[in-house]
Structures are given as C-alpha cells and as structure tokens.
Amino acid sequence: MNTDKLTNTTVKNAIDALQAADSKAWFALFTTDAALYDDGNKMNFKSFFEKAIGHERFTSIDKVENNGLDLYGRFHSDQWGDFKTYFKFHINAAGKIDRLDIGQASY
C-alpha cells in the first residue's frame, strides 16, 4: 500500500508504522496521554492500539485533507472486516500526536 500521498511527515510515519505492525514506532509518535475518539466515542488509546496493531491496516489511501492531517481510505480489520475509514491527527507544538479521531467514513 502506497503512502506517498501523505504530505505530513508525522502522519506518514504513523501510517507507515501501522502498516508495518511496528508498535514501538507507532507509540513513539504520540504523547503519553494521547486521546483517541472512535466514531466520536472516547477510547483508551494505548489498549486500543495494542490490540489493533498487526491486525488492522489501510488497504488504500483515497484522499488527504487538512494540510495532510486528515486521511480517508479503505481499511482492513481482522475483527471487523473491510470498510472505508478516516483518521484525523492532531499534532501539538512539540510535534507529537496528542489526539486521533478515527471512524467509518462515507465518501
């Protein structure tokens, strides 16, 4: 899966880590208290991605918006199957991701 469409370096590194099932690289990009919202519901970021990494990944990135912070694409989850999703990253002044909004997309 090609991540060349990702124009924000931090976002690209995060998606590359997710795609490679590299949890160490993934978690290193986030603040220790990063917030996660899944379809608007607050979730525990660390436990959510400890379970997801290696079992969830993008199969295509269809569009990128908001200066490279928002991406939409097709996604595969071993648990939930295949669907369209969005990932919306929020990056703090120190360059760490402090919030991630994810969910099913209809575009």
# chains A, B, ... in the order shown; residues from 1 in each chain; ligands from 1
>>> residues_around(residues="Glu65 (chain A)", least_positions_apart="3", cutoff="10 Å", atoms="only C-alpha atoms", output="list in words")
Leu6, Thr7, Gly68, Leu69, Asp70, Leu71, Tyr72 and Lys88 of chain A
>>> select_by_dssp(residues="region 5-83 of chain A", states="strand (DSSP E)", output="number ranges by chain")
A: 30-38, 41-43, 56-65, 70-77, 81-83
>>> select_by_dssp(residues="chain A", states="helix (DSSP H, G or I)", output="list in words")
Thr9, Thr10, Val11, Lys12, Asn13, Ala14, Ile15, Asp16, Ala17, Leu18, Gln19, Ser23, Lys24, Ala25, Trp26, Phe27, Ala28, Phe45, Lys46, Ser47, Phe48, Phe49, Glu50, Lys51 and Ala52 of chain A
>>> residues_around(residues="region 91-98 of chain A", least_positions_apart="5", cutoff="6 Å", atoms="only C-alpha atoms", output="list in words")
Leu29, Phe30, Thr31 and Ala34 of chain A
>>> atom_distance(atom1="CA of Asn8 (chain A)", atom2="CA of Asn67 (chain A)")
7.2 Å
>>> atom_distance(atom1="CA of His76 (chain A)", atom2="CA of Thr59 (chain A)")
6.5 Å
